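Below is run09.pdb, holding PDB, C-alpha atoms, pLDDT in the B column.
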```pdb
MODEL        1
ATOM      1  CA  MET Z 555       0.000   0.000   0.000  1.00 56.00           C
ATOM      2  CA  SER Z 556       1.322   3.464  -0.838  1.00 68.00           C
ATOM      3  CA  GLY Z 557      -0.006   7.012  -0.677  1.00 83.00           C
ATOM      4  CA  GLU Z 558      -0.790   9.360   2.187  1.00 90.00           C
ATOM      5  CA  ILE Z 559      -3.161   9.473   5.149  1.00 90.00           C
ATOM      6  CA  GLU Z 560      -3.823  12.884   6.668  1.00 90.00           C
ATOM      7  CA  ILE Z 561      -5.997  13.323   9.758  1.00 89.00           C
ATOM      8  CA  ASN Z 562      -6.957  16.591  11.468  1.00 90.00           C
ATOM      9  CA  THR Z 563      -9.297  15.964  14.396  1.00 88.00           C
ATOM     10  CA  THR Z 564     -10.531  17.206  17.742  1.00 82.00           C
ATOM     11  CA  ALA Z 565     -11.731  13.713  18.728  1.00 79.00           C
ATOM     12  CA  TYR Z 566     -10.204  12.134  21.803  1.00 76.00           C
ATOM     13  CA  SER Z 567      -8.157   8.964  21.230  1.00 77.00           C
ATOM     14  CA  ALA Z 568      -8.038   9.010  17.434  1.00 88.00           C
ATOM     15  CA  GLY Z 569      -5.198   7.847  15.205  1.00 91.00           C
ATOM     16  CA  ALA Z 570      -4.138   6.154  12.008  1.00 93.00           C
ATOM     17  CA  GLY Z 571      -2.465   2.963  10.865  1.00 95.00           C
ATOM     18  CA  GLY Z 572      -1.079   2.220   7.420  1.00 95.00           C
ATOM     19  CA  ILE Z 573      -2.686  -1.258   7.375  1.00 95.00           C
ATOM     20  CA  ALA Z 574      -5.271  -1.141  10.195  1.00 95.00           C
ATOM     21  CA  TYR Z 575      -6.477   1.297  12.821  1.00 94.00           C
ATOM     22  CA  ARG Z 576      -6.926  -1.352  15.541  1.00 95.00           C
ATOM     23  CA  ILE Z 577      -5.857  -4.988  15.806  1.00 96.00           C
ATOM     24  CA  TYR Z 578      -7.902  -6.622  18.566  1.00 96.00           C
ATOM     25  CA  ASN Z 579      -6.737 -10.209  19.257  1.00 95.00           C
ATOM     26  CA  GLY Z 580      -5.817 -10.584  15.594  1.00 95.00           C
ATOM     27  CA  LYS Z 581      -2.523 -11.257  13.864  1.00 96.00           C
ATOM     28  CA  VAL Z 582      -1.013  -9.192  11.076  1.00 96.00           C
ATOM     29  CA  ILE Z 583       1.745 -11.110   9.304  1.00 97.00           C
ATOM     30  CA  ALA Z 584       4.150 -10.030   6.539  1.00 97.00           C
ATOM     31  CA  CYS Z 585       2.449  -6.751   5.627  1.00 96.00           C
ATOM     32  CA  VAL Z 586       4.288  -3.811   4.066  1.00 97.00           C
ATOM     33  CA  ASN Z 587       3.247  -0.171   4.432  1.00 96.00           C
ATOM     34  CA  LYS Z 588       4.493   2.627   2.173  1.00 96.00           C
ATOM     35  CA  VAL Z 589       1.864   5.164   3.252  1.00 93.00           C
ATOM     36  CA  LYS Z 590       2.920   8.483   4.762  1.00 96.00           C
ATOM     37  CA  ILE Z 591       0.806   9.321   7.838  1.00 96.00           C
ATOM     38  CA  ALA Z 592       0.314  12.893   9.070  1.00 95.00           C
ATOM     39  CA  PHE Z 593      -1.851  13.241  12.200  1.00 93.00           C
ATOM     40  CA  THR Z 594      -2.913  16.446  13.941  1.00 93.00           C
ATOM     41  CA  GLY Z 595      -5.071  16.235  17.062  1.00 88.00           C
ATOM     42  CA  GLU Z 596      -4.942  16.303  20.848  1.00 82.00           C
ATOM     43  CA  THR Z 597      -4.524  12.551  21.424  1.00 84.00           C
ATOM     44  CA  GLY Z 598      -3.424  10.223  18.626  1.00 88.00           C
ATOM     45  CA  ARG Z 599      -1.877   6.776  18.314  1.00 93.00           C
ATOM     46  CA  ASN Z 600      -0.234   6.385  14.932  1.00 95.00           C
ATOM     47  CA  GLY Z 601       1.767   3.567  13.394  1.00 96.00           C
ATOM     48  CA  GLY Z 602       2.980   2.413  10.010  1.00 96.00           C
ATOM     49  CA  ILE Z 603       1.155  -0.906  10.415  1.00 97.00           C
ATOM     50  CA  ALA Z 604      -1.445  -0.170  13.115  1.00 97.00           C
ATOM     51  CA  SER Z 605      -2.550   2.555  15.473  1.00 95.00           C
ATOM     52  CA  LEU Z 606      -3.414   0.161  18.308  1.00 95.00           C
ATOM     53  CA  LEU Z 607      -2.627  -3.505  19.117  1.00 96.00           C
ATOM     54  CA  ASP Z 608      -4.658  -4.810  22.072  1.00 94.00           C
ATOM     55  CA  GLY Z 609      -7.157  -7.393  23.255  1.00 90.00           C
ATOM     56  CA  THR Z 610      -7.005 -10.271  25.699  1.00 89.00           C
ATOM     57  CA  GLY Z 611      -3.452 -11.422  24.969  1.00 87.00           C
ATOM     58  CA  SER Z 612      -3.460 -13.157  21.584  1.00 91.00           C
ATOM     59  CA  GLY Z 613      -2.860 -10.292  19.115  1.00 94.00           C
ATOM     60  CA  ALA Z 614       0.455  -9.961  17.298  1.00 95.00           C
ATOM     61  CA  ILE Z 615       2.274  -8.110  14.551  1.00 97.00           C
ATOM     62  CA  ILE Z 616       4.836 -10.377  12.891  1.00 96.00           C
ATOM     63  CA  ALA Z 617       7.408  -9.770  10.106  1.00 96.00           C
ATOM     64  CA  CYS Z 618       5.926  -6.460   8.941  1.00 97.00           C
ATOM     65  CA  GLU Z 619       7.769  -3.516   7.359  1.00 97.00           C
ATOM     66  CA  ASN Z 620       7.110   0.205   7.257  1.00 97.00           C
ATOM     67  CA  TYR Z 621       8.615   2.593   4.678  1.00 97.00           C
ATOM     68  CA  GLY Z 622       6.290   5.545   5.339  1.00 97.00           C
ATOM     69  CA  ASN Z 623       7.210   8.599   7.387  1.00 97.00           C
ATOM     70  CA  ILE Z 624       4.915   8.998  10.410  1.00 97.00           C
ATOM     71  CA  THR Z 625       4.165  12.413  11.954  1.00 95.00           C
ATOM     72  CA  ALA Z 626       1.935  13.079  14.977  1.00 94.00           C
ATOM     73  CA  ASN Z 627       1.204  16.574  16.250  1.00 93.00           C
ATOM     74  CA  GLY Z 628      -0.681  16.860  19.527  1.00 87.00           C
ATOM     75  CA  ASP Z 629       0.174  17.061  23.222  1.00 79.00           C
ATOM     76  CA  ALA Z 630      -0.611  13.388  23.898  1.00 84.00           C
ATOM     77  CA  SER Z 631       0.363  11.948  20.519  1.00 91.00           C
ATOM     78  CA  TYR Z 632       2.283   8.750  19.769  1.00 93.00           C
ATOM     79  CA  ALA Z 633       4.052   7.978  16.494  1.00 96.00           C
ATOM     80  CA  ALA Z 634       5.875   4.776  15.582  1.00 97.00           C
ATOM     81  CA  GLY Z 635       7.125   2.870  12.577  1.00 97.00           C
ATOM     82  CA  ILE Z 636       5.092  -0.274  13.336  1.00 97.00           C
ATOM     83  CA  VAL Z 637       2.444   0.329  16.032  1.00 97.00           C
ATOM     84  CA  GLY Z 638       1.540   3.439  18.009  1.00 95.00           C
ATOM     85  CA  TYR Z 639       0.238   1.811  21.212  1.00 94.00           C
ATOM     86  CA  VAL Z 640       0.455  -1.789  22.470  1.00 94.00           C
ATOM     87  CA  GLN Z 641      -1.237  -3.373  25.502  1.00 92.00           C
ATOM     88  CA  LYS Z 642      -2.703  -6.793  26.367  1.00 89.00           C
ATOM     89  CA  ALA Z 643      -1.287  -8.466  23.257  1.00 90.00           C
ATOM     90  CA  LYS Z 644       0.987 -11.441  22.582  1.00 89.00           C
ATOM     91  CA  SER Z 645       3.960  -9.834  20.801  1.00 90.00           C
ATOM     92  CA  VAL Z 646       5.569  -7.658  18.171  1.00 93.00           C
ATOM     93  CA  LEU Z 647       8.087  -9.857  16.345  1.00 93.00           C
ATOM     94  CA  ALA Z 648      10.710  -9.414  13.596  1.00 93.00           C
ATOM     95  CA  CYS Z 649       9.449  -6.066  12.248  1.00 95.00           C
ATOM     96  CA  ILE Z 650      11.458  -3.425  10.369  1.00 95.00           C
ATOM     97  CA  ASN Z 651      10.944   0.326  10.167  1.00 96.00           C
ATOM     98  CA  HIS Z 652      12.625   2.369   7.405  1.00 96.00           C
ATOM     99  CA  GLY Z 653      10.581   5.566   7.833  1.00 96.00           C
ATOM    100  CA  ASP Z 654      11.336   8.728   9.789  1.00 96.00           C
ATOM    101  CA  ILE Z 655       9.189   9.191  12.902  1.00 96.00           C
ATOM    102  CA  SER Z 656       8.276  12.560  14.410  1.00 95.00           C
ATOM    103  CA  ALA Z 657       5.927  13.418  17.288  1.00 94.00           C
ATOM    104  CA  SER Z 658       5.189  16.415  19.444  1.00 93.00           C
ATOM    105  CA  GLY Z 659       4.513  13.749  22.090  1.00 92.00           C
ATOM    106  CA  ILE Z 660       6.244  10.327  22.012  1.00 93.00           C
ATOM    107  CA  ALA Z 661       8.123   8.781  19.061  1.00 94.00           C
ATOM    108  CA  GLY Z 662       9.436   5.217  18.695  1.00 93.00           C
ATOM    109  CA  GLY Z 663      11.119   3.460  15.794  1.00 93.00           C
ATOM    110  CA  ILE Z 664       9.011   0.316  16.224  1.00 94.00           C
ATOM    111  CA  ILE Z 665       6.510   1.052  19.048  1.00 94.00           C
ATOM    112  CA  GLY Z 666       5.299   4.373  20.484  1.00 94.00           C
ATOM    113  CA  TYR Z 667       4.115   3.013  23.853  1.00 92.00           C
ATOM    114  CA  ILE Z 668       4.107  -0.568  25.123  1.00 90.00           C
ATOM    115  CA  PHE Z 669       2.580  -2.002  28.286  1.00 88.00           C
ATOM    116  CA  ASN Z 670       3.620  -5.467  29.493  1.00 84.00           C
ATOM    117  CA  VAL Z 671       3.946  -7.035  26.019  1.00 86.00           C
ATOM    118  CA  PRO Z 672       7.149  -8.648  24.696  1.00 84.00           C
ATOM    119  CA  ALA Z 673       8.761  -7.445  21.487  1.00 86.00           C
ATOM    120  CA  TYR Z 674      11.540  -9.415  19.756  1.00 86.00           C
ATOM    121  CA  SER Z 675      14.108  -8.990  16.978  1.00 88.00           C
ATOM    122  CA  CYS Z 676      12.989  -5.674  15.485  1.00 90.00           C
ATOM    123  CA  VAL Z 677      15.076  -3.209  13.468  1.00 90.00           C
ATOM    124  CA  SER Z 678      14.590   0.534  12.966  1.00 91.00           C
ATOM    125  CA  GLU Z 679      16.559   2.634  10.483  1.00 91.00           C
ATOM    126  CA  GLY Z 680      14.554   5.869  10.406  1.00 89.00           C
ATOM    127  CA  ALA Z 681      15.337   9.053  12.323  1.00 90.00           C
ATOM    128  CA  MET Z 682      13.355   9.676  15.550  1.00 89.00           C
ATOM    129  CA  THR Z 683      12.255  13.106  16.746  1.00 90.00           C
ATOM    130  CA  GLY Z 684      10.131  13.470  19.860  1.00 90.00           C
ATOM    131  CA  ASP Z 685       9.325  16.601  21.861  1.00 90.00           C
ATOM    132  CA  LEU Z 686       8.385  14.631  24.969  1.00 90.00           C
ATOM    133  CA  MET Z 687      10.148  11.254  24.551  1.00 89.00           C
ATOM    134  CA  ALA Z 688      11.825   9.390  21.701  1.00 89.00           C
ATOM    135  CA  GLY Z 689      13.490   6.009  21.332  1.00 86.00           C
ATOM    136  CA  GLY Z 690      15.110   4.161  18.469  1.00 85.00           C
ATOM    137  CA  VAL Z 691      12.969   1.074  19.113  1.00 87.00           C
ATOM    138  CA  VAL Z 692      10.402   2.071  21.800  1.00 89.00           C
ATOM    139  CA  GLY Z 693       9.322   5.605  22.696  1.00 90.00           C
ATOM    140  CA  ASN Z 694       7.961   4.733  26.160  1.00 89.00           C
ATOM    141  CA  ALA Z 695       7.399   1.465  28.019  1.00 85.00           C
ATOM    142  CA  SER Z 696       5.718   0.454  31.259  1.00 80.00           C
ATOM    143  CA  TYR Z 697       7.971  -0.488  34.175  1.00 66.00           C
ATOM    144  CA  ASN Z 698       7.478  -4.245  33.689  1.00 62.00           C
ATOM    145  CA  THR Z 699       8.071  -4.404  29.927  1.00 58.00           C
ATOM    146  CA  PHE Z 700      11.827  -3.956  29.462  1.00 53.00           C
ATOM    147  CA  PRO Z 701      13.041  -7.489  30.309  1.00 48.00           C
ATOM    148  CA  ALA Z 702      11.170  -8.703  27.206  1.00 54.00           C
ATOM    149  CA  PHE Z 703      13.164  -6.753  24.587  1.00 56.00           C
ATOM    150  CA  PRO Z 704      15.938  -9.005  23.235  1.00 56.00           C
ATOM    151  CA  ALA Z 705      17.817  -8.481  19.940  1.00 57.00           C
ATOM    152  CA  HIS Z 706      16.669  -5.074  18.736  1.00 58.00           C
ATOM    153  CA  TYR Z 707      18.698  -2.783  16.490  1.00 58.00           C
ATOM    154  CA  PHE Z 708      18.540   0.933  15.757  1.00 58.00           C
ATOM    155  CA  TYR Z 709      20.627   2.450  12.942  1.00 57.00           C
ATOM    156  CA  SER Z 710      19.850   6.159  12.840  1.00 60.00           C
ATOM    157  CA  THR Z 711      19.503   9.209  15.080  1.00 59.00           C
ATOM    158  CA  VAL Z 712      17.290  10.327  17.918  1.00 61.00           C
ATOM    159  CA  SER Z 713      17.046  14.118  17.988  1.00 58.00           C
ATOM    160  CA  ASP Z 714      15.174  16.978  19.604  1.00 49.00           C
ATOM    161  CA  LEU Z 715      14.525  14.865  22.675  1.00 45.00           C
ATOM    162  CA  LYS Z 716      13.017  16.739  25.606  1.00 44.00           C
ATOM    163  CA  LEU Z 717      12.142  15.392  29.017  1.00 42.00           C
ATOM    164  CA  GLY Z 718       9.730  17.407  31.105  1.00 42.00           C
ATOM    165  CA  GLY Z 719      10.208  20.371  28.779  1.00 41.00           C
ATOM    166  CA  LEU Z 720      14.013  20.295  29.121  1.00 37.00           C
ATOM    167  CA  GLU Z 721      16.109  19.533  26.077  1.00 38.00           C
ATOM    168  CA  VAL Z 722      18.352  16.523  26.733  1.00 35.00           C
ATOM    169  CA  GLY Z 723      19.556  15.272  23.352  1.00 35.00           C
TER     170      GLY Z 723
ENDMDL
END
```

Encoded form using structure tokens:
Amino acid sequence: MSGEIEINTTAYSAGAGGIAYRIYNGKVIACVNKVKIAFTGETGRNGGIASLLDGTGSGAIIACENYGNITANGDASYAAGIVGYVQKAKSVLACINHGDISASGIAGGIIGYIFNVPAYSCVSEGAMTGDLMAGGVVGNASYNTFPAFPAHYFYSTVSDLKLGGLEVG
């Protein structure tokens, strides 16, 4: 899929995904996104493959690639190469991001925010820019998520990082 998705909204908890908005207990396997996503709104979860991956623990994104640049503008916005927000899912496995990621909130090369879900063997090559937080693989993770992050690689830059309004990067 190629092209562009542009969203301007005042709705709470909106967002965009290059393949799907929400994956609830489903599996997305071997999909490729080439869509550029530009989101403007107060709260947005945006990802090259999906905006949101959640459910009761069986959902997964496996062997997917993103080539599109992802931009999210809004105080509580998330932008990521693969999935904007992950909770109560099985895993994110063997995914690759080639696109540049930019957020006025939180930016991650693979995942914007992850809560208690393992992610394995992912690669991100795009540049990350986040006004609040930014990470080459994950923008922000819950306290009990980090032990489940083996074999990730990041090959670009993280810039314009600010923490609590202070520039740190």

Applying 10 Å and all atoms listed in the file, which residues near Z:Ala617 remain after dropping the ones on its own chain fewer than 5 positions away? List them as a JSON list (two decimals) with C-alpha atoms, in the frame of the given file.
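And here's selection23.json as it stands now:
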```json
[["chain", "number", "residue", "atom", "x", "y", "z"],
["Z", 582, "VAL", "CA", -1.01, -9.19, 11.08],
["Z", 583, "ILE", "CA", 1.74, -11.11, 9.30],
["Z", 584, "ALA", "CA", 4.15, -10.03, 6.54],
["Z", 585, "CYS", "CA", 2.45, -6.75, 5.63],
["Z", 586, "VAL", "CA", 4.29, -3.81, 4.07],
["Z", 646, "VAL", "CA", 5.57, -7.66, 18.17],
["Z", 647, "LEU", "CA", 8.09, -9.86, 16.34],
["Z", 648, "ALA", "CA", 10.71, -9.41, 13.60],
["Z", 649, "CYS", "CA", 9.45, -6.07, 12.25],
["Z", 650, "ILE", "CA", 11.46, -3.42, 10.37],
["Z", 675, "SER", "CA", 14.11, -8.99, 16.98],
["Z", 676, "CYS", "CA", 12.99, -5.67, 15.48]]
```

Centre, edges in Å (one decimal): axis-aligned box, stretch 666-679 of chain Z, 5 Å padding on all six sides, as AutoDock Vina command-line options:
```
--center_x 9.6 --center_y -2.5 --center_z 20.0 --size_x 24.0 --size_y 23.8 --size_z 29.0
```

Selected by the PyMOL selection byres ((chain Z and resi 645) around 6) in the shown coordinates: which residues, as a short mmCIF file (atom, residue, chain, number, x, y, z; two decimals) with C-alpha atoms, keeping the file's coordinate frame?
```cif
data_model
loop_
_atom_site.label_atom_id
_atom_site.label_comp_id
_atom_site.auth_asym_id
_atom_site.auth_seq_id
_atom_site.Cartn_x
_atom_site.Cartn_y
_atom_site.Cartn_z
CA ALA Z 614 0.46 -9.96 17.30
CA ALA Z 643 -1.29 -8.47 23.26
CA LYS Z 644 0.99 -11.44 22.58
CA VAL Z 646 5.57 -7.66 18.17
CA VAL Z 671 3.95 -7.04 26.02
CA PRO Z 672 7.15 -8.65 24.70
CA ALA Z 673 8.76 -7.44 21.49
#
```

Work out how far atom CA of Z:Asp685 is from atom CA of Z:Ala604, in Å to one decimal.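 Computing it gives 21.8 Å between the two atoms.
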
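When all atoms listed in the file are used to compute distances to Z:Asn627, the closest of the residues Z:Ile615, Z:Ala695, Z:Ile655, Z:Ile664 turns out to be Z:Ile655.
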
Z:Ala633 environment, 8 Å, all atoms listed in the file, sequence neighbours closer than 3 positions dropped, as a ChimeraX atom specification: /Z:599-601,624-626,637-638,655-657,660-662,665-666

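The residue that comes closest to Z:Gly595, out of Z:Thr610, Z:Ser658, Z:Asn579, Z:Asn623 and on the basis of all atoms listed in the file, is Z:Ser658.
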
As number ranges by chain, please: the residues near Z:Asn587 (cut-off 10 Å, all atoms listed in the file, same-chain neighbours under 4 positions excluded). Z: 555-557, 571-573, 601-604, 618-622, 635-636, 651, 653

When you count all atoms listed in the file, which of these residues is closest to Z:Lys642: Z:Ala630, Z:Ile591, Z:Ala570, Z:Ile668?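 So, comparing all the options, the nearest one is Z:Ile668.
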
Can you work out the spacing between atom CA of Z:Val677 and atom CA of Z:Asp629 in Å, to one decimal? 27.0 Å

Could you please determine the separation between atom CA of Z:Ile559 and atom CA of Z:Ser612 in Å, to one decimal place?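 Going from atom CA of Z:Ile559 over to atom CA of Z:Ser612 covers 28.0 Å.
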
Got a sec to check which residues sit within 12 Å of (-8.7, 15.7, 12.7), counting all atoms listed in the file, and write them as a list in words?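 Protein, DNA and RNA residues close to (-8.7, 15.7, 12.7): Ile559, Glu560, Ile561, Asn562, Thr563, Thr564, Ala565, Tyr566, Ser567, Ala568, Gly569, Ala570, Ala592, Phe593, Thr594, Gly595, Glu596, Thr597, Gly598, Ala626, Asn627 and Gly628 of chain Z.
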
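With only C-alpha atoms as the atoms that count, the minimum distance from Z:Tyr632 to the choices Z:Gly613, Z:Ala574, Z:Glu558, Z:Leu606 is reached by Z:Leu606.
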